[in-house]
$ cat run-v6.txt   # compact mmCIF, C-alpha atoms
# COMPACT_ATOMS: atom_id res chain seq x y z
CA MET A 259 61.00 3.18 1.63
CA SER A 260 58.58 5.19 3.72
CA LYS A 261 54.84 4.61 3.56
CA SER A 262 52.42 6.97 5.19
CA PHE A 263 49.20 5.51 6.44
CA PHE A 264 46.09 7.51 7.13
CA SER A 265 43.65 6.87 9.90
CA TYR A 266 40.07 6.02 9.07
CA GLU A 267 38.87 9.49 10.08
CA GLU A 268 41.46 11.18 7.84
CA MET A 269 40.52 9.00 4.86
CA LEU A 270 36.82 9.66 5.49
CA GLY A 271 37.47 13.41 5.63
CA ARG A 272 39.40 13.32 2.36
CA ALA A 273 36.65 11.31 0.68
CA LEU A 274 33.92 13.69 1.88
CA GLU A 275 35.87 16.65 0.46
CA ARG A 276 35.70 15.03 -2.99
CA VAL A 277 31.96 14.26 -2.94
CA PRO A 278 30.02 16.78 -5.06
CA LYS A 279 27.87 19.13 -2.99
CA VAL A 280 24.77 18.32 -5.09
CA ALA A 281 24.94 14.66 -4.00
CA GLU A 282 24.80 15.71 -0.35
CA ARG A 283 21.60 17.73 -0.82
CA ARG A 284 18.43 15.61 -0.82
CA GLU A 285 15.14 17.42 -0.38
CA ARG A 286 11.95 15.46 -0.21
CA PHE A 287 9.27 16.17 -2.77
CA GLU A 288 5.94 16.30 -0.99
CA VAL A 289 2.52 16.84 -2.49
CA PRO A 290 -0.07 18.27 -0.08
CA LYS A 291 -2.66 15.72 0.99
CA PRO A 292 -5.98 16.50 -0.73
CA GLU A 293 -8.55 18.03 1.63
CA VAL A 294 -11.84 16.61 0.35
CA VAL A 295 -15.31 17.33 1.71
CA ASN A 296 -18.61 15.98 0.39
CA VAL A 297 -21.46 18.48 0.45
CA GLY A 298 -24.70 17.02 -0.81
CA ASN A 299 -23.99 15.49 -4.20
CA ARG A 300 -20.79 17.49 -4.73
CA THR A 301 -17.18 16.94 -3.77
CA ILE A 302 -15.03 19.92 -2.88
CA LEU A 303 -11.24 19.75 -3.08
CA TYR A 304 -10.26 22.68 -0.86
CA ASN A 305 -6.48 22.78 -1.34
CA PHE A 306 -6.41 22.42 -5.13
CA LYS A 307 -4.25 25.56 -5.48
CA ASP A 308 -1.66 24.18 -3.03
CA ILE A 309 -1.51 20.93 -5.00
CA TYR A 310 -0.99 22.39 -8.47
CA GLU A 311 1.54 24.91 -7.15
CA ALA A 312 3.52 22.13 -5.43
CA LEU A 313 3.45 20.13 -8.68
CA ASN A 314 4.36 23.20 -10.79
CA ARG A 315 1.60 22.39 -13.27
CA ASP A 316 -1.17 24.27 -15.03
CA PRO A 317 -4.35 24.02 -12.91
CA HIS A 318 -6.48 23.32 -15.98
CA HIS A 319 -4.28 20.34 -16.94
CA LEU A 320 -4.63 18.82 -13.46
CA LEU A 321 -8.39 19.55 -13.41
CA ARG A 322 -8.82 17.94 -16.81
CA PHE A 323 -7.00 14.80 -15.63
CA LEU A 324 -9.05 14.53 -12.41
CA SER A 325 -12.33 15.20 -14.22
CA LYS A 326 -11.65 12.53 -16.84
CA GLU A 327 -10.58 9.95 -14.26
CA LEU A 328 -13.58 10.67 -12.05
CA ALA A 329 -15.84 10.75 -15.14
CA THR A 330 -17.53 13.92 -13.98
CA ALA A 331 -17.54 17.69 -14.44
CA GLY A 332 -15.37 19.90 -12.29
CA SER A 333 -14.91 23.65 -11.99
CA ILE A 334 -12.27 25.83 -10.39
CA GLU A 335 -13.63 28.36 -7.92
CA GLY A 336 -10.88 30.39 -6.26
CA SER A 337 -8.37 28.02 -4.67
CA MET A 338 -10.68 25.00 -4.72
CA VAL A 339 -12.36 22.66 -7.19
CA ILE A 340 -15.94 21.46 -7.10
CA PHE A 341 -16.75 18.08 -8.69
CA GLN A 342 -20.25 16.82 -9.45
CA GLY A 343 -20.75 13.59 -7.50
CA ARG A 344 -19.52 12.10 -4.23
CA PHE A 345 -15.91 10.90 -4.13
CA SER A 346 -13.88 9.86 -1.12
CA GLU A 347 -10.61 11.44 -0.06
CA ALA A 348 -8.83 8.14 -0.77
CA VAL A 349 -10.00 8.13 -4.40
CA VAL A 350 -8.87 11.71 -5.00
CA SER A 351 -5.53 11.03 -3.25
CA ARG A 352 -4.87 8.01 -5.46
CA LEU A 353 -5.62 10.04 -8.57
CA VAL A 354 -3.29 12.86 -7.52
CA GLU A 355 -0.54 10.28 -6.86
CA ARG A 356 -1.12 8.78 -10.30
CA TYR A 357 -0.98 12.23 -11.90
CA VAL A 358 2.35 12.83 -10.16
CA GLN A 359 3.75 9.53 -11.45
CA ASP A 360 2.49 10.04 -15.01
CA TYR A 361 2.96 13.78 -15.53
CA VAL A 362 5.42 15.14 -12.94
CA ILE A 363 8.14 12.63 -12.01
CA CYS A 364 10.92 12.15 -14.59
CA PRO A 365 10.91 8.50 -15.76
CA VAL A 366 14.72 8.58 -16.20
CA CYS A 367 16.08 10.12 -12.99
CA ARG A 368 12.89 10.00 -10.82
CA ARG A 369 13.15 13.73 -9.93
CA PRO A 370 10.16 16.11 -9.87
CA ASP A 371 12.05 18.95 -11.60
CA THR A 372 10.11 18.69 -14.85
CA GLN A 373 7.88 20.69 -17.11
CA LEU A 374 5.36 19.68 -19.76
CA VAL A 375 6.39 20.63 -23.29
CA ARG A 376 4.14 20.42 -26.33
CA GLU A 377 5.62 19.65 -29.73
CA GLY A 378 3.01 19.50 -32.43
CA ARG A 379 0.18 17.44 -31.04
CA TYR A 380 2.35 15.47 -28.59
CA PHE A 381 3.32 16.26 -25.01
CA PHE A 382 6.67 15.46 -23.45
CA ILE A 383 8.11 15.66 -19.95
CA LYS A 384 11.30 17.74 -20.10
CA CYS A 385 13.50 17.19 -17.04
CA ALA A 386 15.54 20.12 -15.75
CA ALA A 387 17.68 17.81 -13.59
CA CYS A 388 18.93 15.28 -16.16
CA GLY A 389 17.85 16.84 -19.46
CA ALA A 390 15.78 13.86 -20.58
CA LYS A 391 12.73 14.34 -22.77
CA SER A 392 10.16 11.57 -22.43
CA PRO A 393 6.79 11.18 -24.14
CA ILE A 394 3.70 10.99 -21.96
CA ARG A 395 0.50 9.13 -22.55
CA PRO A 396 -2.35 11.27 -23.83
CA MET A 397 -5.27 12.01 -21.53

$ encode --input "run-v6.txt" --output "structure tokens"
Amino acid sequence: MSKSFFSYEEMLGRALERVPKVAERRERFEVPKPEVVNVGNRTILYNFKDIYEALNRDPHHLLRFLSKELATAGSIEGSMVIFQGRFSEAVVSRLVERYVQDYVICPVCRRPDTQLVREGRYFFIKCAACGAKSPIRPM
């Protein structure tokens, strides 16, 4: 009756060989920090293009959300947005974070690999990572 025992390093090596490669890969999802400047009675969000590209969302959807939450008019001009009124960088940052939580992050697997899908008059978040389809609250 012969038993073979493995050292800790050998067992660890065998276990790591069996771990799926996807589980080892963990990239961090980062949204660019909003660059906000107040000029007179207007607020300019300079890196709006960087934000909506990082979120993989339609710029008009993000603008509509920000405009409604700020209760003001906003217009896209090139890669920036100009809002009527004075808003601090902290306020805009909080709103972008809330947009990410409500309209970008999958509520099932917490991954940002999603897209907005419209079915009839309702919008859903369709996750490419886990395949879940979750309703979102209307704006």

$ closest_residue --input "run-v6.txt" --among "A:Pro292, A:Pro396, A:Gly336, A:Pro317" --to "A:Asn305" --atoms "all atoms listed in the file"
A:Pro292

$ atom_distance --input "run-v6.txt" --atom1 "atom CA of A:Phe341" --atom2 "atom CA of A:Phe323"
12.4 Å

$ axis_aligned_box --input "run-v6.txt" --around "stretch 265-278 of chain A" --padding-each-side "6 Å" --output "AutoDock Vina command-line options"
--center_x 36.8 --center_y 11.4 --center_z 2.5 --size_x 25.6 --size_y 22.8 --size_z 27.1

$ closest_residue --input "run-v6.txt" --among "A:Ile340, A:Leu328, A:Leu321, A:Leu270" --to "A:Thr301" --atoms "only C-alpha atoms"
A:Ile340

$ atom_distance --input "run-v6.txt" --atom1 "atom CA of A:Arg379" --atom2 "atom CA of A:Ile363"
21.2 Å

$ residues_around --input "run-v6.txt" --residues "A:Phe345" --least-positions-apart "5" --cutoff "10 Å" --atoms "all atoms listed in the file" --output "list in words"
Val294, Val295, Asn296, Asn299, Arg300, Thr301, Ile302, Leu328 and Val350 of chain A

$ residues_around --input "run-v6.txt" --residues "A:Arg368" --least-positions-apart "5" --cutoff "10 Å" --atoms "only C-alpha atoms" --output "short mmCIF file (atom, residue, chain, number, x, y, z; two decimals) with C-alpha atoms, in the coordinates of the input"
data_model
loop_
_atom_site.label_atom_id
_atom_site.label_comp_id
_atom_site.auth_asym_id
_atom_site.auth_seq_id
_atom_site.Cartn_x
_atom_site.Cartn_y
_atom_site.Cartn_z
CA GLN A 359 3.75 9.53 -11.45
CA VAL A 362 5.42 15.14 -12.94
CA ILE A 363 8.14 12.63 -12.01
CA CYS A 385 13.50 17.19 -17.04
CA ALA A 387 17.68 17.81 -13.59
CA CYS A 388 18.93 15.28 -16.16
#

$ atom_distance --input "run-v6.txt" --atom1 "atom CA of A:Tyr380" --atom2 "atom CA of A:Leu303"
29.2 Å

$ closest_residue --input "run-v6.txt" --among "A:Asp308, A:Phe382, A:Val354, A:Pro290" --to "A:Arg322" --atoms "all atoms listed in the file"
A:Val354

$ closest_residue --input "run-v6.txt" --among "A:Arg352, A:Lys326, A:Lys391, A:Lys307" --to "A:Glu377" --atoms "only C-alpha atoms"
A:Lys391
